[in-house]
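Peer 1: So that we are looking at the same thing, I have put the structure below in structure tokens.
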Amino acid sequence: MPLSGRGWTVPIGIFNREDLEVNAFVRRSAAPRATENRCPPNLTRRYVRSMNPVFDIERSDDAPAIDSMIRRAFQEQSGVADMVAAIRASAQYEPGLTLVARQADQVVGFVMISHAELVDDEGGRHDVLTLSPLAVHPDHERHGIGSALVRAVLSLADARSDLPRLVTLEGSPLFYGRLGFEFAPDHGVVFDLPDWAPPAAAQVHRLTGYDPAVRGRVTYPAAFALAEG
Ligand SMILES: CC(C)(COP(=O)(O)OP(=O)(O)OC[C@H]1O[C@@H](n2cnc3c(N)ncnc32)[C@H](O)[C@@H]1OP(=O)(O)O)[C@@H](O)C(=O)NCCC(=O)NCCS
């Protein structure tokens, strides 16, 4: 059964197709990080070798598992799970850019790209994409799942020429810098960051066909305010 939204459809289970380049890419990205020396000592080599997370577009019946996994990952920010539910119910949702990682049928990772806007100095508004949140279950961190989810969702966004060509996010430049994100002000994109965030948290990823004229201050839809709760 297809998921539908914003006037287009995408088949569920697309990542299960053997020939889908993105899935092969994800598996290549995830596998090298699941090496013995990155694992806590209580994980056996056999367990690590058996790790083979499946990456998939979220299904509607995934919502409760995603909600509880996000609450585990963002322990002190329960509002993030509420934000995800609100984005899903909004016009800014992109169902084909909301991915889960499954391990033995358990949801262990999640990433969402949805829509936001840049407002330029003349008051002009530009549709952009924004990546938030990214979450990996605490028991499954440091196996490459978070990085693989980001690479996968960026590849899917890049292939969608109907979508804006710029992805914004607020996050660690150490983590996202190696995934192709750059310092946002270098590309004319300004964030109103929280007081505790360093300026380098403001980042953008330029997709194929990026237009440098798309500049301005990031303005989030109302759903994002819930993340502070
Ligand atoms: C951040 C998160 C998604 C990373 O997922 P993951 O599957 O462990 O990530 P990967 O295995 O692909 O990469 C792990 C690398 O990211 C680094 N990393 C993880 N969290 C980081 C952070 N907050 N800041 C900087 N680096 C971080 C680790 O040091 C690790 O690098 P190393 O193994 O070379 O030391 C996961 O830790 C998480 O869900 N955290 C809680 C929620 C959160 O903070 N989300 C991000 C919001 S922007």
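Each chain in the structure tokens gets a letter, A, B and so on, in the order shown; residues start at 1 in every chain, and ligands are counted from 1 in the order they appear.
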Give me, as CSV, each residue of chain A that comes within 7 Å of ligand 1, together with its shortest interatomic pair and the distance in Å at one decimal, counting only C-alpha atoms and all ligand atoms, with rows ordered by chain and rising residue number.
Peer 2:
residue,atom,partner,partner_atom_place_in_ligand_line,distance
A:Arg33,CA,ligand 1,11 (O),6.9
A:Arg38,CA,ligand 1,33 (O),6.6
A:Ala73,CA,ligand 1,41 (C),4.6
A:Phe74,CA,ligand 1,42 (C),5.1
A:Pro133,CA,ligand 1,47 (C),6.0
A:Leu134,CA,ligand 1,45 (N),4.9
A:Ala135,CA,ligand 1,39 (O),3.4
A:Val136,CA,ligand 1,39 (O),3.8
A:His137,CA,ligand 1,39 (O),6.1
A:Pro138,CA,ligand 1,39 (O),6.8
A:His140,CA,ligand 1,7 (O),6.7
A:Glu141,CA,ligand 1,8 (O),3.4
A:Arg142,CA,ligand 1,11 (O),3.2
A:His143,CA,ligand 1,11 (O),4.2
A:Gly144,CA,ligand 1,11 (O),3.3
A:Ile145,CA,ligand 1,7 (O),4.0
A:Gly146,CA,ligand 1,7 (O),3.5
A:Ser147,CA,ligand 1,12 (O),3.6
A:Ala148,CA,ligand 1,12 (O),6.3
A:Glu170,CA,ligand 1,48 (S),6.2
A:Gly171,CA,ligand 1,48 (S),4.1
A:Ser172,CA,ligand 1,24 (N),5.0
A:Leu174,CA,ligand 1,25 (C),5.2
A:Phe175,CA,ligand 1,26 (N),4.6
Peer 1: Write down as an NGL selection string the residues belonging to range 23-204 of chain A that are assigned alpha helix (DSSP H) by DSSP computed on the backbone.
Peer 2: :A and (23-30 or 45-50 or 63-73 or 79-88 or 145-158 or 173-177)
Peer 1: Tell me which protein, DNA and RNA residues are within 7 Å of range 92-95 of chain A, counting only C-alpha atoms, leaving out same-chain ones fewer than 5 positions away, and put them as number ranges by chain.
Peer 2: A: 5, 87, 113-115
Peer 1: Just give me the gap between CA of Ala222 in chain A and CA of Asp82 in chain A in Å, one decimal is fine.
Peer 2: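 Straight-line distance from CA of Ala222 in chain A to CA of Asp82 in chain A works out to 11.8 Å.
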Peer 1: I want to know what sits within 12 Å of Ile70 in chain A, based on only C-alpha atoms, with residues of the same chain fewer than 4 positions away left out; could you give that as a PyMOL selection string?
Peer 2: chain A and resi 63-66+74-85+100+107-112+132-138+227
Peer 1: Any chance you can output those residues with N, CA and C atoms as a tab-separated table (two decimals), in the first residue's frame?
Peer 2:
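As a result, again-v3.tsv now contains:
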chain	number	residue	atom	x	y	z
A	63	ALA	N	4.59	4.39	14.48
A	63	ALA	CA	4.57	5.61	15.29
A	63	ALA	C	4.77	5.36	16.79
A	64	PRO	N	4.08	4.38	17.41
A	64	PRO	CA	4.30	4.20	18.86
A	64	PRO	C	5.74	3.80	19.20
A	65	ALA	N	6.32	2.91	18.38
A	65	ALA	CA	7.70	2.48	18.66
A	65	ALA	C	8.68	3.63	18.45
A	66	ILE	N	8.43	4.44	17.44
A	66	ILE	CA	9.29	5.60	17.20
A	66	ILE	C	9.19	6.56	18.38
A	74	PHE	N	16.23	11.02	23.67
A	74	PHE	CA	16.23	12.42	24.15
A	74	PHE	C	15.65	12.46	25.56
A	75	GLN	N	16.35	11.84	26.50
A	75	GLN	CA	15.77	11.64	27.83
A	75	GLN	C	15.25	12.91	28.48
A	76	GLU	N	15.98	14.00	28.31
A	76	GLU	CA	15.60	15.23	29.01
A	76	GLU	C	14.83	16.19	28.12
A	77	GLN	N	14.45	15.74	26.96
A	77	GLN	CA	13.69	16.60	26.04
A	77	GLN	C	12.52	15.80	25.50
A	78	SER	N	11.55	15.53	26.36
A	78	SER	CA	10.43	14.70	25.94
A	78	SER	C	9.61	15.38	24.84
A	79	GLY	N	9.77	16.70	24.72
A	79	GLY	CA	9.04	17.43	23.69
A	79	GLY	C	9.43	17.05	22.28
A	80	VAL	N	10.59	16.43	22.10
A	80	VAL	CA	11.01	16.08	20.73
A	80	VAL	C	10.05	15.06	20.12
A	81	ALA	N	9.61	14.10	20.92
A	81	ALA	CA	8.64	13.10	20.41
A	81	ALA	C	7.32	13.79	20.06
A	82	ASP	N	6.92	14.76	20.85
A	82	ASP	CA	5.69	15.51	20.55
A	82	ASP	C	5.85	16.31	19.26
A	83	MET	N	7.05	16.85	19.07
A	83	MET	CA	7.33	17.60	17.85
A	83	MET	C	7.19	16.71	16.62
A	84	VAL	N	7.70	15.49	16.71
A	84	VAL	CA	7.61	14.56	15.57
A	84	VAL	C	6.15	14.27	15.23
A	85	ALA	N	5.35	14.03	16.25
A	85	ALA	CA	3.93	13.75	16.01
A	85	ALA	C	3.25	14.96	15.36
A	100	VAL	N	13.30	4.94	9.38
A	100	VAL	CA	13.61	4.20	10.60
A	100	VAL	C	14.73	3.21	10.29
A	107	VAL	N	12.49	-0.88	16.35
A	107	VAL	CA	12.95	0.41	15.85
A	107	VAL	C	14.10	0.89	16.72
A	108	VAL	N	15.28	1.03	16.12
A	108	VAL	CA	16.47	1.46	16.89
A	108	VAL	C	17.01	2.81	16.42
A	109	GLY	N	16.44	3.34	15.34
A	109	GLY	CA	16.91	4.63	14.86
A	109	GLY	C	15.82	5.33	14.07
A	110	PHE	N	15.96	6.66	13.99
A	110	PHE	CA	14.92	7.46	13.32
A	110	PHE	C	15.55	8.75	12.83
A	111	VAL	N	15.14	9.18	11.63
A	111	VAL	CA	15.52	10.50	11.15
A	111	VAL	C	14.36	11.08	10.36
A	112	MET	N	14.20	12.39	10.48
A	112	MET	CA	13.09	13.06	9.80
A	112	MET	C	13.62	14.31	9.09
A	132	SER	N	15.56	17.15	11.41
A	132	SER	CA	15.34	17.09	12.86
A	132	SER	C	14.08	16.28	13.13
A	133	PRO	N	14.13	15.34	14.06
A	133	PRO	CA	15.31	14.96	14.82
A	133	PRO	C	16.03	13.78	14.17
A	134	LEU	N	17.22	13.50	14.73
A	134	LEU	CA	17.93	12.25	14.49
A	134	LEU	C	18.04	11.57	15.85
A	135	ALA	N	17.69	10.32	15.95
A	135	ALA	CA	17.76	9.63	17.24
A	135	ALA	C	18.13	8.17	17.03
A	136	VAL	N	19.00	7.68	17.90
A	136	VAL	CA	19.36	6.26	17.92
A	136	VAL	C	19.15	5.74	19.34
A	137	HIS	N	18.56	4.58	19.45
A	137	HIS	CA	18.33	3.99	20.78
A	137	HIS	C	19.66	3.89	21.53
A	138	PRO	N	19.69	4.28	22.81
A	138	PRO	CA	20.96	4.27	23.56
A	138	PRO	C	21.69	2.92	23.52
A	227	ALA	N	9.52	20.99	20.75
A	227	ALA	CA	10.77	20.30	21.12
A	227	ALA	C	11.34	20.83	22.42
Peer 1: State, in Å with one decimal place, the distance from CA of Pro199 in chain A to CA of Pro221 in chain A.
Peer 2: 21.6 Å
Peer 1: What does the distance between CA of Leu154 in chain A and CA of Leu166 in chain A come to in Å, to one decimal place?
Peer 2: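 Spanning CA of Leu154 in chain A to CA of Leu166 in chain A is a straight-line distance of 10.2 Å.
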Peer 1: Would you kindly return, as a PyMOL selection string, each protein, DNA or RNA residue with an atom no farther than 10 Å from any atom of Asp186 in chain A, considering only C-alpha atoms and excluding same-chain residues fewer than 3 positions away?
Peer 2: chain A and resi 182-183+189-190+203-204
Peer 1: Which one of A:Asn52, A:Thr219, A:Thr208, A:Thr98 sits closest to Leu193 in chain A if you count only C-alpha atoms?
Peer 2: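 Of all the options, A:Thr219 lies closest to Leu193 in chain A.
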Peer 1: Quick one: pick out all strand (DSSP E or B) residues within range 48-217 of chain A from a backbone DSSP run and write them as a ChimeraX atom specification.
Peer 2: /A:54-57,98-103,106-119,125-136,166-170,182-183,189-190,202-206,216-217
Peer 1: Please produce a file of the residues just selected, as a short mmCIF file (atom, residue, chain, number, x, y, z; two decimals), in the first residue's frame, where the atoms kept are N, CA and C atoms.
Peer 2:
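Below you can see out_5.cif, which holds the result:
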data_model
loop_
_atom_site.label_atom_id
_atom_site.label_comp_id
_atom_site.auth_asym_id
_atom_site.auth_seq_id
_atom_site.Cartn_x
_atom_site.Cartn_y
_atom_site.Cartn_z
N VAL A 54 18.08 -2.83 9.11
CA VAL A 54 17.33 -2.58 7.89
C VAL A 54 16.83 -1.14 7.96
N PHE A 55 17.02 -0.41 6.89
CA PHE A 55 16.60 0.99 6.84
C PHE A 55 15.37 1.09 5.96
N ASP A 56 14.38 1.81 6.44
CA ASP A 56 13.08 1.78 5.78
C ASP A 56 12.38 3.13 5.97
N ILE A 57 11.48 3.45 5.04
CA ILE A 57 10.60 4.60 5.25
C ILE A 57 9.62 4.23 6.35
N THR A 98 11.26 10.32 5.99
CA THR A 98 11.17 10.01 7.42
C THR A 98 11.48 8.52 7.54
N LEU A 99 12.68 8.24 8.05
CA LEU A 99 13.22 6.88 7.97
C LEU A 99 13.40 6.26 9.34
N VAL A 100 13.30 4.94 9.38
CA VAL A 100 13.61 4.20 10.60
C VAL A 100 14.73 3.21 10.29
N ALA A 101 15.48 2.87 11.34
CA ALA A 101 16.40 1.72 11.29
C ALA A 101 15.80 0.66 12.18
N ARG A 102 15.72 -0.56 11.67
CA ARG A 102 15.18 -1.68 12.47
C ARG A 102 16.28 -2.69 12.72
N GLN A 103 16.26 -3.22 13.92
CA GLN A 103 17.16 -4.30 14.28
C GLN A 103 16.28 -5.38 14.87
N GLN A 106 12.88 -4.37 15.78
CA GLN A 106 12.74 -3.29 16.76
C GLN A 106 13.23 -1.99 16.13
N VAL A 107 12.49 -0.88 16.35
CA VAL A 107 12.95 0.41 15.85
C VAL A 107 14.10 0.89 16.72
N VAL A 108 15.28 1.03 16.12
CA VAL A 108 16.47 1.46 16.89
C VAL A 108 17.01 2.81 16.42
N GLY A 109 16.44 3.34 15.34
CA GLY A 109 16.91 4.63 14.86
C GLY A 109 15.82 5.33 14.07
N PHE A 110 15.96 6.66 13.99
CA PHE A 110 14.92 7.46 13.32
C PHE A 110 15.55 8.75 12.83
N VAL A 111 15.14 9.18 11.63
CA VAL A 111 15.52 10.50 11.15
C VAL A 111 14.36 11.08 10.36
N MET A 112 14.20 12.39 10.48
CA MET A 112 13.09 13.06 9.80
C MET A 112 13.62 14.31 9.09
N ILE A 113 13.27 14.44 7.82
CA ILE A 113 13.46 15.71 7.10
C ILE A 113 12.08 16.23 6.76
N SER A 114 11.85 17.50 7.09
CA SER A 114 10.56 18.14 6.78
C SER A 114 10.86 19.54 6.25
N HIS A 115 9.82 20.33 6.10
CA HIS A 115 9.99 21.66 5.50
C HIS A 115 10.07 22.78 6.53
N ALA A 116 10.92 23.76 6.23
CA ALA A 116 10.97 25.01 7.00
C ALA A 116 11.11 26.14 5.97
N GLU A 117 11.39 27.35 6.44
CA GLU A 117 11.53 28.47 5.51
C GLU A 117 12.73 29.33 5.89
N LEU A 118 13.28 29.98 4.87
CA LEU A 118 14.22 31.08 5.10
C LEU A 118 13.49 32.38 4.77
N VAL A 119 13.67 33.37 5.63
CA VAL A 119 13.10 34.69 5.36
C VAL A 119 14.27 35.64 5.08
N ARG A 125 10.27 34.75 1.18
CA ARG A 125 10.29 33.45 1.87
C ARG A 125 10.75 32.37 0.90
N HIS A 126 11.63 31.51 1.39
CA HIS A 126 12.16 30.42 0.57
C HIS A 126 11.95 29.11 1.31
N ASP A 127 11.33 28.16 0.61
CA ASP A 127 11.12 26.82 1.19
C ASP A 127 12.48 26.11 1.26
N VAL A 128 12.79 25.56 2.42
CA VAL A 128 13.99 24.74 2.58
C VAL A 128 13.59 23.46 3.31
N LEU A 129 14.53 22.52 3.36
CA LEU A 129 14.32 21.31 4.16
C LEU A 129 15.07 21.46 5.47
N THR A 130 14.60 20.76 6.49
CA THR A 130 15.32 20.78 7.76
C THR A 130 15.37 19.37 8.32
N LEU A 131 16.54 19.00 8.83
CA LEU A 131 16.73 17.64 9.37
C LEU A 131 16.62 17.71 10.89
N SER A 132 15.56 17.15 11.41
CA SER A 132 15.34 17.09 12.86
C SER A 132 14.08 16.28 13.13
N PRO A 133 14.13 15.34 14.06
CA PRO A 133 15.31 14.96 14.82
C PRO A 133 16.03 13.78 14.17
N LEU A 134 17.22 13.50 14.73
CA LEU A 134 17.93 12.25 14.49
C LEU A 134 18.04 11.57 15.85
N ALA A 135 17.69 10.32 15.95
CA ALA A 135 17.76 9.63 17.24
C ALA A 135 18.13 8.17 17.03
N VAL A 136 19.00 7.68 17.90
CA VAL A 136 19.36 6.26 17.92
C VAL A 136 19.15 5.74 19.34
N LEU A 166 18.19 22.77 -0.30
CA LEU A 166 19.01 23.09 0.86
C LEU A 166 18.42 22.44 2.09
N VAL A 167 19.29 21.77 2.87
CA VAL A 167 18.86 21.14 4.13
C VAL A 167 19.53 21.89 5.28
N THR A 168 18.75 22.35 6.25
CA THR A 168 19.31 23.05 7.41
C THR A 168 19.26 22.13 8.62
N LEU A 169 20.12 22.39 9.59
CA LEU A 169 19.99 21.72 10.89
C LEU A 169 20.80 22.43 11.94
N GLU A 170 20.45 22.18 13.19
CA GLU A 170 21.22 22.64 14.35
C GLU A 170 21.78 21.39 15.02
N GLU A 182 27.85 21.97 6.36
CA GLU A 182 28.78 23.10 6.37
C GLU A 182 28.24 24.22 7.25
N PHE A 183 29.13 25.13 7.62
CA PHE A 183 28.77 26.26 8.47
C PHE A 183 27.77 27.15 7.72
N VAL A 189 22.94 31.71 5.43
CA VAL A 189 21.80 31.18 6.22
C VAL A 189 22.07 31.45 7.71
N VAL A 190 21.12 32.12 8.34
CA VAL A 190 21.28 32.56 9.73
C VAL A 190 20.26 31.83 10.60
N ALA A 202 25.06 25.92 13.68
CA ALA A 202 24.23 26.32 12.52
C ALA A 202 24.83 25.73 11.25
N GLN A 203 24.11 24.80 10.65
CA GLN A 203 24.68 24.08 9.50
C GLN A 203 23.68 23.91 8.36
N VAL A 204 24.25 23.78 7.17
CA VAL A 204 23.43 23.49 5.99
C VAL A 204 24.11 22.40 5.15
N HIS A 205 23.31 21.70 4.40
CA HIS A 205 23.82 20.75 3.41
C HIS A 205 23.21 21.14 2.06
N ARG A 206 24.10 21.36 1.09
CA ARG A 206 23.64 21.79 -0.23
C ARG A 206 23.39 20.57 -1.11
N GLY A 216 18.80 33.60 3.97
CA GLY A 216 17.90 34.24 4.93
C GLY A 216 17.98 33.61 6.30
N ARG A 217 17.01 33.98 7.12
CA ARG A 217 16.96 33.51 8.51
C ARG A 217 16.02 32.32 8.59
#
Peer 1: So, with only C-alpha atoms as the atoms that count, which of A:Arg215, A:Val153, A:Ala223, A:Trp196 lies closest to Glu122 in chain A?
Peer 2: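 Answer, going by the shortest atom-to-atom distance: A:Arg215.
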